Each structure stands twice: as structure tokens, then as C-alpha cells.
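So this one's final_34.cif, mmCIF, C-alpha atoms:
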data_input
loop_
_atom_site.label_atom_id
_atom_site.label_comp_id
_atom_site.auth_asym_id
_atom_site.auth_seq_id
_atom_site.Cartn_x
_atom_site.Cartn_y
_atom_site.Cartn_z
CA MET A 1 0.00 0.00 0.00
CA ARG A 2 1.20 3.46 -0.88
CA PHE A 3 0.80 4.98 2.56
CA ILE A 4 3.35 2.60 4.11
CA ARG A 5 5.90 2.76 1.28
CA ILE A 6 9.19 4.21 2.50
CA VAL A 7 11.57 3.06 -0.25
CA PRO A 8 11.65 5.39 -3.28
CA PRO A 9 11.39 4.07 -6.84
CA GLY A 10 14.58 2.81 -8.47
CA GLY A 11 17.09 5.25 -9.93
CA PRO A 12 18.85 8.29 -8.45
CA ALA A 13 16.24 8.73 -5.69
CA ARG A 14 16.89 5.25 -4.34
CA THR A 15 20.65 5.78 -4.43
CA LEU A 16 20.28 9.04 -2.52
CA ALA A 17 18.05 7.28 0.01
CA LEU A 18 20.62 4.50 0.46
CA ALA A 19 23.37 7.06 1.09
CA GLN A 20 21.29 8.87 3.70
CA LEU A 21 20.15 5.63 5.33
CA THR A 22 23.78 4.60 5.71
CA ASN A 23 24.98 7.68 7.52
CA SER A 24 21.73 8.24 9.46
CA VAL A 25 22.26 4.89 11.20
CA GLY A 26 25.66 6.15 12.30
CA ASP A 27 24.18 9.49 13.31
CA GLY A 28 21.58 7.77 15.47
CA ALA A 29 24.31 6.09 17.47
CA TYR A 30 26.26 9.35 17.64
CA TYR A 31 23.34 11.40 18.96
CA VAL A 32 22.69 8.89 21.74
CA CYS A 33 26.30 8.46 22.85
CA SER A 34 28.24 11.60 22.02
CA VAL A 35 27.39 13.85 24.97
CA LEU A 36 28.05 11.12 27.53
CA TYR A 37 31.30 10.24 25.78
CA PHE A 38 32.51 13.83 25.84
CA SER A 39 31.51 14.33 29.48
CA ARG A 40 32.37 10.95 31.05
CA ILE A 41 35.32 9.78 28.93
CA VAL A 42 36.90 13.02 27.68
CA GLY A 43 36.03 14.83 30.93
CA LEU A 44 34.41 17.98 29.55
CA SER A 45 31.78 19.87 31.52
CA PRO A 46 28.25 20.20 30.10
CA THR A 47 28.73 23.97 29.90
CA ARG A 48 31.84 23.61 27.75
CA ILE A 49 30.18 21.04 25.52
CA GLY A 50 27.17 23.31 25.03
CA ALA A 51 29.37 26.32 24.27
CA ALA A 52 31.34 24.39 21.65
CA LEU A 53 28.18 23.09 19.99
CA THR A 54 26.70 26.59 19.95
CA LEU A 55 29.79 28.02 18.25
CA GLY A 56 29.96 25.07 15.88
CA TRP A 57 26.37 25.33 14.64
CA ALA A 58 26.72 29.10 14.30
CA LEU A 59 29.72 28.61 12.01
CA GLY A 60 27.90 25.82 10.19
CA ALA A 61 24.96 28.09 9.44
CA VAL A 62 27.36 30.58 7.85
CA ALA A 63 29.45 27.99 6.01
CA GLY A 64 26.49 26.36 4.27
CA VAL A 65 26.09 29.16 1.70
CA PRO A 66 29.67 29.30 0.33
CA LEU A 67 29.92 25.51 0.38
CA GLY A 68 26.63 25.32 -1.50
CA HIS A 69 27.97 27.87 -3.97
CA LEU A 70 31.00 25.65 -4.42
CA ALA A 71 28.63 22.81 -5.31
CA ASP A 72 27.05 25.04 -7.97
CA ARG A 73 30.45 25.83 -9.47
CA ARG A 74 32.18 22.46 -9.24
CA GLY A 75 29.22 20.10 -9.40
CA PRO A 76 27.05 18.89 -6.51
CA ARG A 77 28.03 15.22 -6.75
CA GLY A 78 31.74 15.84 -6.26
CA ILE A 79 31.18 18.31 -3.41
CA ALA A 80 28.65 15.99 -1.73
CA ILE A 81 31.19 13.17 -1.84
CA LEU A 82 33.93 15.49 -0.54
CA MET A 83 31.74 16.79 2.30
CA SER A 84 30.66 13.28 3.23
CA VAL A 85 34.28 12.16 3.49
CA ALA A 86 35.20 15.31 5.41
CA THR A 87 32.31 14.78 7.85
CA GLY A 88 33.41 11.20 8.42
CA LEU A 89 36.95 12.36 9.16
CA ALA A 90 35.64 15.06 11.50
CA VAL A 91 33.67 12.46 13.45
CA GLY A 92 36.73 10.22 13.47
CA SER A 93 38.76 13.03 15.01
CA PHE A 94 36.55 12.85 18.11
CA LEU A 95 38.18 9.52 18.90
CA PHE A 96 41.47 11.31 19.55
CA VAL A 97 40.20 14.43 21.30
CA ARG A 98 41.46 14.75 24.85
CA SER A 99 41.51 18.54 25.37
CA TYR A 100 38.99 21.32 25.05
CA PRO A 101 40.79 23.26 22.26
CA ALA A 102 40.99 20.09 20.17
CA PHE A 103 37.33 19.37 20.90
CA LEU A 104 36.35 22.87 19.82
CA VAL A 105 38.20 22.53 16.51
CA ALA A 106 36.69 19.09 15.87
CA VAL A 107 33.15 20.28 16.60
CA CYS A 108 33.48 23.29 14.28
CA ALA A 109 34.84 21.08 11.50
CA TYR A 110 31.98 18.59 12.03
CA THR A 111 29.18 21.18 11.96
CA CYS A 112 30.57 23.06 8.95
CA CYS A 113 30.98 19.83 6.99
CA GLN A 114 27.47 18.71 7.97
CA CYS A 115 25.93 21.97 6.73
CA GLY A 116 27.98 21.86 3.53
CA LEU A 117 26.93 18.25 2.97
CA GLY A 118 23.28 19.19 3.42
CA ALA A 119 23.51 21.97 0.84
CA ALA A 120 25.37 19.79 -1.68
CA ARG A 121 22.90 16.93 -1.26
CA GLN A 122 19.94 19.20 -1.84
CA ALA A 123 21.60 20.61 -4.96
CA LEU A 124 22.32 17.06 -6.10
CA LEU A 125 18.69 16.09 -5.60
CA ALA A 126 17.57 19.16 -7.55
CA GLY A 127 19.86 18.21 -10.42
CA LEU A 128 18.91 14.53 -10.53
CA VAL A 129 15.15 14.65 -9.95
CA GLU A 130 12.65 16.51 -12.11
CA PRO A 131 10.94 19.44 -10.33
CA ALA A 132 7.56 17.71 -10.18
CA ARG A 133 9.00 14.89 -8.05
CA ARG A 134 11.46 16.71 -5.79
CA THR A 135 9.13 17.10 -2.83
CA GLU A 136 8.03 13.48 -3.03
CA THR A 137 11.66 12.35 -3.23
CA ARG A 138 12.58 14.57 -0.30
CA ALA A 139 9.76 12.94 1.68
CA TYR A 140 11.17 9.50 0.91
CA LEU A 141 14.57 10.68 2.12
CA GLN A 142 13.06 12.03 5.33
CA SER A 143 11.36 8.71 6.01
CA THR A 144 14.64 6.93 5.34
CA VAL A 145 16.55 9.22 7.68
CA ASN A 146 14.07 8.64 10.51
CA ALA A 147 14.24 4.88 10.06
CA GLY A 148 18.05 5.01 10.10
CA LEU A 149 18.16 7.22 13.17
CA ALA A 150 15.86 4.85 15.03
CA LEU A 151 18.07 1.87 14.18
CA GLY A 152 21.21 3.79 15.06
CA ALA A 153 19.74 4.92 18.38
CA ALA A 154 19.06 1.29 19.25
CA LEU A 155 22.69 0.43 18.48
CA GLY A 156 23.81 3.42 20.52
CA GLY A 157 21.70 2.13 23.37
CA ILE A 158 23.90 -0.95 23.46
CA ALA A 159 26.94 1.29 23.92
CA LEU A 160 25.16 3.12 26.72
CA ARG A 161 24.29 -0.18 28.36
CA LEU A 162 27.91 -1.35 28.26
CA ASP A 163 29.05 2.11 29.42
CA THR A 164 32.74 1.58 28.61
CA GLU A 165 35.23 3.69 26.72
CA ALA A 166 35.52 0.98 24.08
CA SER A 167 31.75 0.91 23.49
CA TYR A 168 31.57 4.68 23.06
CA LEU A 169 34.58 4.71 20.73
CA THR A 170 32.98 1.95 18.66
CA ALA A 171 29.77 3.95 18.28
CA LEU A 172 31.65 7.08 17.18
CA ALA A 173 33.86 5.09 14.81
CA ALA A 174 30.75 3.52 13.27
CA ASP A 175 29.31 6.99 12.63
CA GLY A 176 32.52 8.17 10.97
CA ALA A 177 32.65 5.04 8.83
CA SER A 178 29.00 5.47 7.84
CA PHE A 179 29.81 8.77 6.13
CA LEU A 180 32.63 7.15 4.18
CA VAL A 181 30.28 4.40 3.03
CA ALA A 182 27.70 7.03 2.08
CA ALA A 183 30.35 8.81 -0.01
CA ALA A 184 31.04 5.55 -1.83
CA VAL A 185 27.31 5.15 -2.53
CA LEU A 186 27.15 8.67 -3.99
CA THR A 187 29.83 7.79 -6.55
CA ARG A 188 27.21 5.59 -8.26
CA LEU A 189 25.16 8.64 -9.24
CA ARG A 190 25.46 10.18 -12.67
CA LEU A 191 26.39 13.84 -12.87
CA PRO A 192 23.44 16.25 -13.11
CA THR A 193 23.06 17.87 -16.51
CA GLY A 194 21.43 21.02 -17.74
CA VAL A 195 23.28 23.57 -15.58
CA PRO A 196 24.19 26.57 -17.71
CA ALA A 197 27.90 26.69 -18.46
CA ALA A 198 28.15 30.35 -17.51
CA ALA A 199 26.72 29.64 -14.09
CA ALA A 200 29.04 26.69 -13.57
CA ALA A 201 31.95 28.97 -14.37
CA GLY A 202 30.73 31.53 -11.86
CA GLN A 203 29.94 34.14 -14.56
CA ASP A 204 26.17 34.37 -14.10
CA GLY A 205 25.56 37.36 -11.84
CA PRO A 206 26.88 37.92 -8.30
CA SER A 207 28.70 34.94 -6.81
CA LEU A 208 26.46 34.80 -3.72
CA SER A 209 23.25 36.28 -5.07
CA VAL A 210 21.15 34.57 -2.40
CA LEU A 211 22.49 37.09 0.13
CA ARG A 212 20.84 39.86 -1.92
CA ASP A 213 17.54 38.05 -2.42
CA ARG A 214 15.33 39.64 0.24
CA PRO A 215 12.12 37.76 -0.62
CA TYR A 216 13.91 34.43 -0.34
CA ALA A 217 15.50 35.60 2.91
CA LEU A 218 12.05 36.32 4.36
CA VAL A 219 10.77 32.89 3.31
CA SER A 220 13.86 31.30 4.89
CA LEU A 221 13.32 33.26 8.11
CA LEU A 222 9.71 32.11 8.41
CA ASN A 223 10.80 28.54 7.74
CA MET A 224 13.44 28.84 10.44
CA ILE A 225 10.79 29.99 12.94
CA MET A 226 8.66 26.97 12.08
CA LEU A 227 11.70 24.71 12.55
CA LEU A 228 11.83 25.68 16.22
CA TYR A 229 9.64 22.64 16.77
CA MET A 230 12.81 20.54 16.44
CA PRO A 231 14.06 20.81 20.07
CA LEU A 232 10.62 19.97 21.48
CA LEU A 233 10.95 16.19 21.69
CA SER A 234 14.67 16.04 22.40
CA VAL A 235 15.12 18.88 24.88
CA VAL A 236 11.92 20.59 26.07
CA LEU A 237 9.50 17.72 26.60
CA PRO A 238 11.83 15.54 28.72
CA LEU A 239 12.22 18.45 31.13
CA TRP A 240 8.51 19.33 30.95
CA ILE A 241 7.45 15.74 31.67
CA VAL A 242 9.74 15.40 34.67
CA GLU A 243 9.10 18.82 36.19
CA ARG A 244 5.48 19.64 35.32
CA THR A 245 3.50 16.42 34.73
CA GLU A 246 2.62 13.19 36.53
CA ALA A 247 3.59 11.09 33.51
CA PRO A 248 6.34 8.45 33.98
CA SER A 249 9.78 9.30 32.62
CA TRP A 250 9.61 6.53 30.00
CA THR A 251 6.91 8.58 28.27
CA VAL A 252 9.78 10.48 26.60
CA SER A 253 10.78 7.34 24.71
CA ALA A 254 7.16 6.66 23.75
CA LEU A 255 6.85 10.14 22.25
CA LEU A 256 10.03 9.65 20.22
CA VAL A 257 8.69 6.34 18.90
CA VAL A 258 5.39 7.98 17.89
CA ASN A 259 7.26 10.72 16.07
CA THR A 260 9.67 8.40 14.27
CA VAL A 261 7.06 5.85 13.23
CA GLY A 262 4.69 8.59 12.10
CA VAL A 263 7.26 10.18 9.80
CA VAL A 264 8.46 6.84 8.42
CA LEU A 265 4.94 5.65 7.56
CA PHE A 266 3.11 8.79 6.50
CA GLN A 267 5.55 11.49 5.33
CA VAL A 268 5.48 10.34 1.69
CA ARG A 269 1.68 10.24 1.64
CA MET A 270 1.54 13.72 3.16
CA ALA A 271 4.01 15.10 0.61
CA GLY A 272 1.87 13.77 -2.23
CA ARG A 273 -0.64 16.53 -1.53
CA VAL A 274 1.92 19.24 -2.30
CA ARG A 275 2.40 19.82 -6.02
CA ASP A 276 3.13 23.53 -6.42
CA LEU A 277 3.73 26.76 -4.52
CA PRO A 278 0.07 27.42 -3.58
CA SER A 279 -0.40 23.94 -2.15
CA ALA A 280 2.97 24.23 -0.36
CA SER A 281 1.93 27.54 1.22
CA ARG A 282 -1.37 25.98 2.23
CA ALA A 283 0.44 23.04 3.85
CA ILE A 284 2.58 25.38 5.95
CA ARG A 285 -0.46 27.44 6.92
CA HIS A 286 -2.14 24.25 8.11
CA ALA A 287 1.09 23.28 9.90
CA GLY A 288 0.94 26.51 11.88
CA VAL A 289 -2.61 25.72 13.02
CA VAL A 290 -1.75 22.11 13.88
CA LEU A 291 1.40 23.05 15.81
CA LEU A 292 -0.63 25.57 17.81
CA ALA A 293 -3.05 22.75 18.69
CA ALA A 294 -0.13 20.52 19.65
CA CYS A 295 1.27 23.17 21.99
CA ALA A 296 -2.14 23.52 23.63
CA CYS A 297 -2.28 19.74 24.14
CA PHE A 298 1.20 19.66 25.64
CA ALA A 299 0.18 22.43 28.04
CA LEU A 300 -2.92 20.44 28.99
CA SER A 301 -0.76 17.49 30.06
CA ALA A 302 0.22 19.39 33.21
CA THR A 303 -3.38 19.27 34.45
CA GLY A 304 -3.53 15.46 34.50
CA THR A 305 -3.88 14.17 38.08
CA THR A 306 -2.73 10.63 37.30
CA ALA A 307 0.20 9.21 35.38
CA TRP A 308 -2.11 7.53 32.86
CA THR A 309 -4.09 10.70 32.17
CA ALA A 310 -0.98 12.80 31.67
CA GLY A 311 0.63 10.10 29.53
CA LEU A 312 -2.40 9.76 27.24
CA VAL A 313 -2.60 13.52 26.76
CA LEU A 314 1.10 13.63 25.90
CA LEU A 315 0.74 10.80 23.39
CA ALA A 316 -2.21 12.56 21.76
CA ALA A 317 -0.19 15.79 21.62
CA ALA A 318 2.73 13.93 20.02
CA CYS A 319 0.40 12.61 17.30
CA VAL A 320 -0.81 16.14 16.58
CA GLN A 321 2.76 17.46 16.62
CA VAL A 322 4.06 14.91 14.10
CA LEU A 323 1.17 15.79 11.78
CA GLY A 324 2.25 19.44 11.91
CA GLU A 325 5.87 18.40 11.37
CA MET A 326 5.00 16.42 8.24
CA LEU A 327 2.83 19.23 6.83
CA LEU A 328 5.67 21.68 7.40
CA GLY A 329 8.26 19.43 5.79
CA SER A 330 6.14 18.84 2.68
CA GLY A 331 5.47 22.52 2.10
CA SER A 332 8.94 23.69 3.07
CA TRP A 333 10.77 21.40 0.66
CA GLU A 334 8.63 22.48 -2.29
CA ILE A 335 9.14 26.16 -1.48
CA GLY A 336 12.89 25.85 -0.91
CA PHE A 337 13.42 24.15 -4.27
CA ALA A 338 10.87 26.02 -6.39
CA LEU A 339 11.98 29.53 -5.42
CA ALA A 340 15.69 28.88 -6.01
CA PRO A 341 17.23 29.57 -9.45
CA PRO A 342 18.03 26.23 -11.13
CA ASP A 343 21.71 27.11 -11.57
CA LYS A 344 22.13 28.26 -7.95
CA GLN A 345 20.44 25.47 -6.02
CA GLY A 346 23.57 24.83 -3.94
CA GLN A 347 23.93 28.28 -2.42
CA TYR A 348 20.17 28.74 -2.07
CA GLN A 349 19.77 25.37 -0.34
CA GLY A 350 22.72 26.22 1.88
CA PHE A 351 20.99 29.45 2.90
CA TYR A 352 17.58 27.81 3.32
CA GLY A 353 19.08 24.89 5.26
CA ALA A 354 20.81 27.29 7.66
CA GLY A 355 17.43 27.51 9.38
CA THR A 356 18.01 24.00 10.75
CA ALA A 357 21.36 25.00 12.23
CA VAL A 358 19.90 28.19 13.72
CA ALA A 359 16.98 26.26 15.21
CA ARG A 360 19.46 23.87 16.82
CA LEU A 361 21.46 26.86 18.02
CA ILE A 362 18.80 29.02 19.65
CA GLY A 363 15.89 26.61 20.00
CA PRO A 364 16.86 24.73 23.19
CA LEU A 365 17.51 27.85 25.27
CA LEU A 366 14.58 29.81 23.83
CA LEU A 367 12.03 27.03 24.18
CA THR A 368 13.09 25.79 27.60
CA THR A 369 12.96 29.36 28.93
CA LEU A 370 9.59 30.02 27.33
CA VAL A 371 7.90 26.74 28.26
CA LEU A 372 9.42 25.84 31.62
CA SER A 373 9.19 29.41 32.93
CA GLY A 374 5.88 30.32 31.33
CA GLY A 375 4.01 27.06 31.72
CA THR A 376 0.68 27.03 29.91
CA LEU A 377 1.11 30.62 28.76
CA GLY A 378 4.55 29.79 27.41
CA TRP A 379 3.15 26.89 25.39
CA LEU A 380 0.40 29.09 23.97
CA LEU A 381 2.90 31.81 23.05
CA LEU A 382 5.02 29.23 21.26
CA GLY A 383 1.95 27.97 19.42
CA ALA A 384 1.04 31.52 18.45
CA LEU A 385 4.55 31.97 17.04
CA PHE A 386 4.08 28.88 14.86
CA LEU A 387 0.67 30.09 13.73
CA THR A 388 1.93 33.57 12.84
CA ALA A 389 4.84 32.21 10.79
CA GLY A 390 2.55 29.73 9.05
CA LEU A 391 0.04 32.40 8.09
CA ALA A 392 2.78 34.76 6.88
CA MET A 393 4.35 32.16 4.59
CA GLY A 394 1.72 32.50 1.84
CA PRO A 395 2.23 36.26 1.27
CA ALA A 396 6.00 35.82 1.52
CA VAL A 397 5.97 33.08 -1.12
CA ARG A 398 3.84 35.21 -3.44
CA TRP A 399 6.33 38.06 -3.06
CA ALA A 400 9.26 35.74 -3.72
CA SER A 401 7.63 34.05 -6.72
CA GLY A 402 7.09 37.43 -8.37
CA ARG A 403 10.46 38.98 -7.57
CA GLY A 404 12.26 40.76 -10.38
CA ALA A 405 15.78 40.98 -11.73
CA GLY A 406 17.46 40.95 -8.35
CA GLY A 407 16.18 37.50 -7.51
CA VAL A 408 14.44 36.06 -10.53
CA VAL A 409 13.97 32.33 -10.76
CA PRO A 410 14.95 31.40 -14.34
CA GLY A 411 12.47 29.12 -16.05
CA VAL A 412 9.73 29.50 -13.45
CA SER A 413 6.79 31.76 -14.11
CA ALA A 414 4.60 33.42 -11.55
CA VAL A 415 2.08 31.24 -9.77
CA SER A 416 -1.17 31.06 -11.66
CA GLU A 417 -4.55 31.68 -10.13
CA THR A 418 -5.47 28.03 -10.60
CA GLY A 419 -2.59 26.97 -8.38
CA SER A 420 -0.35 25.42 -11.02
CA ARG A 421 3.24 26.37 -11.71
CA ARG A 422 4.21 26.72 -15.40
CA THR A 423 7.81 26.21 -16.42
CA GLU A 424 9.43 27.09 -19.68
CA GLY A 425 12.42 25.39 -21.22
CA ASP A 426 12.42 22.52 -18.73
CA PRO A 427 12.34 19.17 -20.51
CA ALA A 428 11.46 17.40 -17.29
CA LEU A 429 7.96 18.82 -17.27
#

Structure encoded using C-alpha cells:
Amino acid sequence: MRFIRIVPPGGPARTLALAQLTNSVGDGAYYVCSVLYFSRIVGLSPTRIGAALTLGWALGAVAGVPLGHLADRRGPRGIAILMSVATGLAVGSFLFVRSYPAFLVAVCAYTCCQCGLGAARQALLAGLVEPARRTETRAYLQSTVNAGLALGAALGGIALRLDTEASYLTALAADGASFLVAAAVLTRLRLPTGVPAAAAAGQDGPSLSVLRDRPYALVSLLNMIMLLYMPLLSVVLPLWIVERTEAPSWTVSALLVVNTVGVVLFQVRMAGRVRDLPSASRAIRHAGVVLLAACACFALSATGTTAWTAGLVLLAAACVQVLGEMLLGSGSWEIGFALAPPDKQGQYQGFYGAGTAVARLIGPLLLTTLVLSGGTLGWLLLGALFLTAGLAMGPAVRWASGRGAGGVVPGVSAVSETGSRRTEGDPAL
């Protein structure tokens, strides 16, 4: 049945999915083990670890644009392979870190390579998959990533159970190796064609034109605000459950399972409803409404007088939240691809993807302060923020789709009143 299909059709999409599955398994183990390894084995304080990660993701958000531009100039496949290898080596360097300066350098290298890899992969997807199928393919990749992270987290749990230096080192080494394997998988892809030679030579307008594209910057900002949902399950809810609800602590794991399974099973089906910019804007508008409802449900969990009541409310809220997450992803991917010039997908995806790094950077502190200090009011304010960004996305997309010479999207016409997007000179459509 279509709604449970998570493997994309054969061809470039399946190869991309295999590459991401490979390194997402390693990442799952890394996310589970890394902080404990750095604190218990290396001996770093949580404050120092947090400061290094903050600096690293800040640099990564900046590095994504020039590295994406490099993918436009030199070809996304080669840069994706290079960034995958570099990320694997950066993870491998953690095995030898025994001082804070070395840790800081390794973290910055890791985050910059991760952001560059994300930009190059998105540009590679844009070059290999026809526009009409990019959002669907991106949904398949998201499902694949979630499945890989779940498997990797289970493997990382074994390392946590053993709780030895050797087990932690094995988990980190596996993550580093997974990026090298992913790089090998990417070598099977054919080179994208159809990029104008002038653009590839860096002669088509300003080298980093995305930095001058104000409509696209506004769309990216709104997307970044919506992405603040990301720290909810990993950072905010564990603290909320322990401090403000009667639910048992294992509820945190149950919520993560609901989220992962939901994305794996239904993200592709959800993305199938997004076919153009109007439907993408509508999906994000609906995501804002749904995320507001999820925040209200999470706030309601504090009123439960028994563990079962609080747990059931939290599970219901997690189901609502994952629906909003999938709506947001479907609309966001379509918008990020469709509004970027075909010959500058790398730098534009690097800029658009910086929202993920920024959300990781400011989200934990912002959301924990807002929710844990504000309680129900804090949850409702967060929901109102999601709603406002979701409602503003439609006008921002219309502005960006009609922008002129400073940020024109070659080959893409303005959005028609019927909701279809007409392209000229694109043999894929």
C-alpha cells in the first residue's frame, strides 16, 4: 500500500536514500552516545560542551552558503562526496580528542561539513530529480533518515548499556565510517546535466546572489521559525514531563517512537498533496494551526492528576505534533526548491538549510525558557509563534515568486490563479 511505502522508486532517488540511510544509522548512534562520551570519557563539563556546539552550529549556518555555492560551481556530486568524506573524518577526530581546544576545533569542523553536505545533497537532488517529483523524493529521504536514526539509536543504546570507553569509541567510529560508506554510494550517481555553463563557471551574476535576495531571505526566516519545533521532543518535553507532569519518565521514549514511526509511515503520503507553490503555502499554513493545537495539548498534560491521564494527553499531543511536522516538511521542501534559481540550487539550499542549524542553536535555550518558565502561557505563546509564521508564509511566497531581476527564478513563471506552476524550457515537465 502506498501509505506505508518508504523506499523510493529505483534510480537516483533510491541511491540518494541508500546514502542517507547509511549515515543516518551512524548518526543515530552518535546522537545517543556523544554527549556522555565527551563528558564521562573526555572529561568535559556540560557547559563547555554546550558552548562548543553553539559556536559550531553558528559557524555551520554561515558555512552552508559558500559551500553550496562551491557545489554550484564544481558540481554537486563531487562536493557531496567530498563533504561526506570530510564529515566522516571530522567524526573520526573525536576519537582522539582529549583537550577542550581540540574538541572545539573538531566540533566546528563537524558542523561546517554537515551543513555543507546538506547543501550539496539538496543541490544534487535538484539536479537529478525533475521538479515535479522533488518534494516526493525529499519525503522519501526524510522517512529513510528517521528509520536510520531509530536503528542507530538502538545500536547506541547498546553502547550506553555497556558504558565503557571501548563501546563509546565503537559507536563514534561507526558513525565516521558510515559517512565514508555514504560517499562511496554517492559515486554511483550520474552527474546532473542542464546547468548553464556560464553559471558553472561563476559568470552568471553575483557569486552569492542569495544574500541579496530579500524575498527568499524572508521565506527562509519564516521557515526557520517553524523549525523551532525541532528541540521539542529532544530537549523541552523531557524536562517538561519530569518537572510539570505526573507522567512516567519513559513517556519520553514513547513520544520519540510515535514521532519516528509517524514520519516513516506517512511522510510520503503527506508530501503527495503538495504539487506547487500554492499547495505548499497551504500546507505550511495548516502546519501553523496544527502546531498551535499541539502546543495547547502539551500544556494540557500538566493538568492530569494521574500518570495515565498525563501520559495519554502527551501521546495525543505527540500525534498532533508529528502531523504538523509532516505538513511543514512537505510545504517547506517544495518552497525551498521552487523559489531557487536552477543554476544556484547549492547556495540557495545552503541558505535555506541554515534555518536548521539556527533552530538547533537558539531553540533549546529559547524554548526551555519560554515553556518551563511560562508554563501554559509559554506553550500558547510558542503555538502563536508557529501560527503567525505559518500564516505569513503564503504572502512571503507570493512576493518571492514574483520577484524581479534581483532575484528572478529562471524558467519559473509566476504562480497562476489556478494553483499550477508553469515552467518554460524545462524538458522534465

Test item: residues at most 12 Å from Val257 of chain A, only C-alpha atoms, excluding those fewer than 2 positions along its chain, as a ChimeraX atom specification: /A:146-147,149-151,153-154,233-234,250-255,259-265,315,318-319,322

Which residue of A:Leu370, A:Leu89, A:Ala340, A:Ala13 approaches Ser178 of chain A most closely, using only C-alpha atoms: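 Using only C-alpha atoms, Ser178 of chain A sits closest to A:Leu89.
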
Selection under test: the PyMOL selection byres ((chain A and resi 342-345) around 6); residues as JSON, numbers by chain: {"A": [72, 123, 195, 340, 341, 346, 347, 348, 349]}

Shell of 6 Å around Ala359 of chain A, only C-alpha atoms, local chain residues under 4 positions omitted, as an MDAnalysis selection string: chainID A and resid 228 355 363

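Coordinates place atom CA of Ala19 of chain A at a distance of 5.7 Å from atom CA of Val185 of chain A.
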
Which of A:Gly311, A:Gly78, A:Gly329, A:Gly324 sits closest to Arg188 of chain A [using all atoms listed in the file]: A:Gly78

Close residues, Thr245 of chain A itself excluded, 7 Å, only C-alpha atoms, min 3 positions apart in chain, as an MDAnalysis selection string: chainID A and resid 240:242 301:302 310

Distance criterion (only C-alpha atoms): nearest to Ala119 of chain A out of A:Leu95, A:Ala139, A:Thr164, A:Val65: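 Under the stated criterion, the closest residue is A:Val65.
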
Distance in Å - atom CA of Ala287 of chain A versus atom CA of Trp57 of chain A: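 So the two atoms, atom CA of Ala287 of chain A and atom CA of Trp57 of chain A, lie 25.8 Å apart.
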
Emit as AutoDock Vina command-line options the padded axis-aligned box for all listed atoms of segment 280-288 of chain A, 6 Å per side, with centre and edge lengths in Å to one decimal.
--center_x 0.4 --center_y 25.3 --center_z 5.8 --size_x 17.1 --size_y 16.5 --size_z 24.2

Top pick for closest residue to Thr137 of chain A, considering A:Arg285, A:Arg48, A:Arg275, A:Arg14 and counting all atoms listed in the file: A:Arg14

Point-to-point distance from atom CA of Leu277 of chain A to atom CA of Ile335 of chain A, Å rounded to tenths: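 Result for atom CA of Leu277 of chain A versus atom CA of Ile335 of chain A: 6.2 Å, one decimal.
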